[in-house]
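See structure below.
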Amino acid sequence: MIVRLYKKITKAIEYRWAKSSGARYTNWLRRKGCKVGDGVEWHGLKDIRIDTSRPSLIEIGNNVCFTRGVVILTHGFDWFVLRNLYNEIIASSGKVVIGDNVFLGVRCIILKGVTVGNNCIIGVHSVVTKDVPPNSVAIGIPARVICTIDEYYEKRKKEYIKE
């Protein structure tokens with residue numbers, strides 16, 4: 001009993017310490033078994049949630065920008081209902097891959113089994129339920145591709161000049 005309590009407290013302290021800086025959190029994720037590239041930025045780190053229950057299913061590329069409230073899930077909890085109805089746990093999980101040079105908008109959610117390609121922008125509050133191809137901008141619930149990164153660049157450049 002005391003040993004379990006000690007382990008629980010130790011894990012909580014370790015997690016809090018890891019969340020005290022981006023470099024510490026990156027290293028903590030790597031030690032857990034997640035693949036995390038270089039140049040990952042963590043903005044609002046205390047609100048970011050990455051499912052480490054299956055760390056080998058998380059792969060984050062280089063130069064990825066996480067903003068406040070981003071959630072990455074590698075499993076579903078829908079088995080809860082099935083357990084109560086059928087007295088059986090039928091779990092589900094899937095790998096999540098975030099490519100290189102990706103921006104994840106505030107409070108977006110990436111669900112299990114999803115790959116976000118290289119050079120993508122995921123909009124604020126989006127829920128990514130299926131793969132996003134490289135060089136895309138995706139927004140919405142569920143997220144859908146609205147344009148290529150080149151189209152977004154041209155649009156943004158014109159707006160920037162007007163501003």
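As shown in the structure tokens, the chain order sets the letters A, B, ...; within each chain, residues go from 1, and ligands are also counted from 1 in the order they appear.
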
- Message: Could you list, as a list in words, every residue within 8 Å of region 104-107 of chain A, counting only C-alpha atoms and ignoring same-chain residues fewer than 2 positions away?
- Response: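 Here the answer would be Val64, Cys65, Phe66, Thr67, Arg68, Gly69, Val70, Val71, Val102, Ile109, Ile121, Ile122, Gly123, Val124, His125 and Ser126 of chain A.
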
- Report the residues of region 67-134 of chain A whose backbone DSSP state falls under alpha helix (DSSP H), written as a ChimeraX atom specification. /A:79-86

- Task: Do a neighbour search on region 129-144 of chain A at 8 Å with only C-alpha atoms, toss out local chain neighbours closer than 4 positions, and write the hits as a ChimeraX atom specification.
- Result: /A:110-125,148-150,152

- Using CA of Ser56 (chain A) and CA of Ala91 (chain A) as the two end points, give the distance in Å to one decimal. 16.5 Å

- Query: Would you give me, as JSON, numbers by chain, the residues in chain A that DSSP reads as strand (DSSP E or B)?
  - Reply: {"A": [35, 36, 41, 42, 49, 50, 58, 59, 60, 64, 65, 66, 71, 72, 75, 93, 96, 97, 98, 102, 103, 104, 109, 110, 115, 116, 121, 122, 127, 128, 132, 136, 137, 138, 139, 144, 145, 146, 147, 148]}

- Query: What is the distance, in Å and to one decimal place, between CA of Tyr160 (chain A) and CA of Val128 (chain A)?
  - Reply: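 So the two atoms, CA of Tyr160 (chain A) and CA of Val128 (chain A), lie 27.8 Å apart.
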
- What gap, in Å, lies between CA of Glu41 (chain A) and CA of Asn63 (chain A)?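 Taking CA of Glu41 (chain A) as the start and CA of Asn63 (chain A) as the end point, the length is 7.1 Å.
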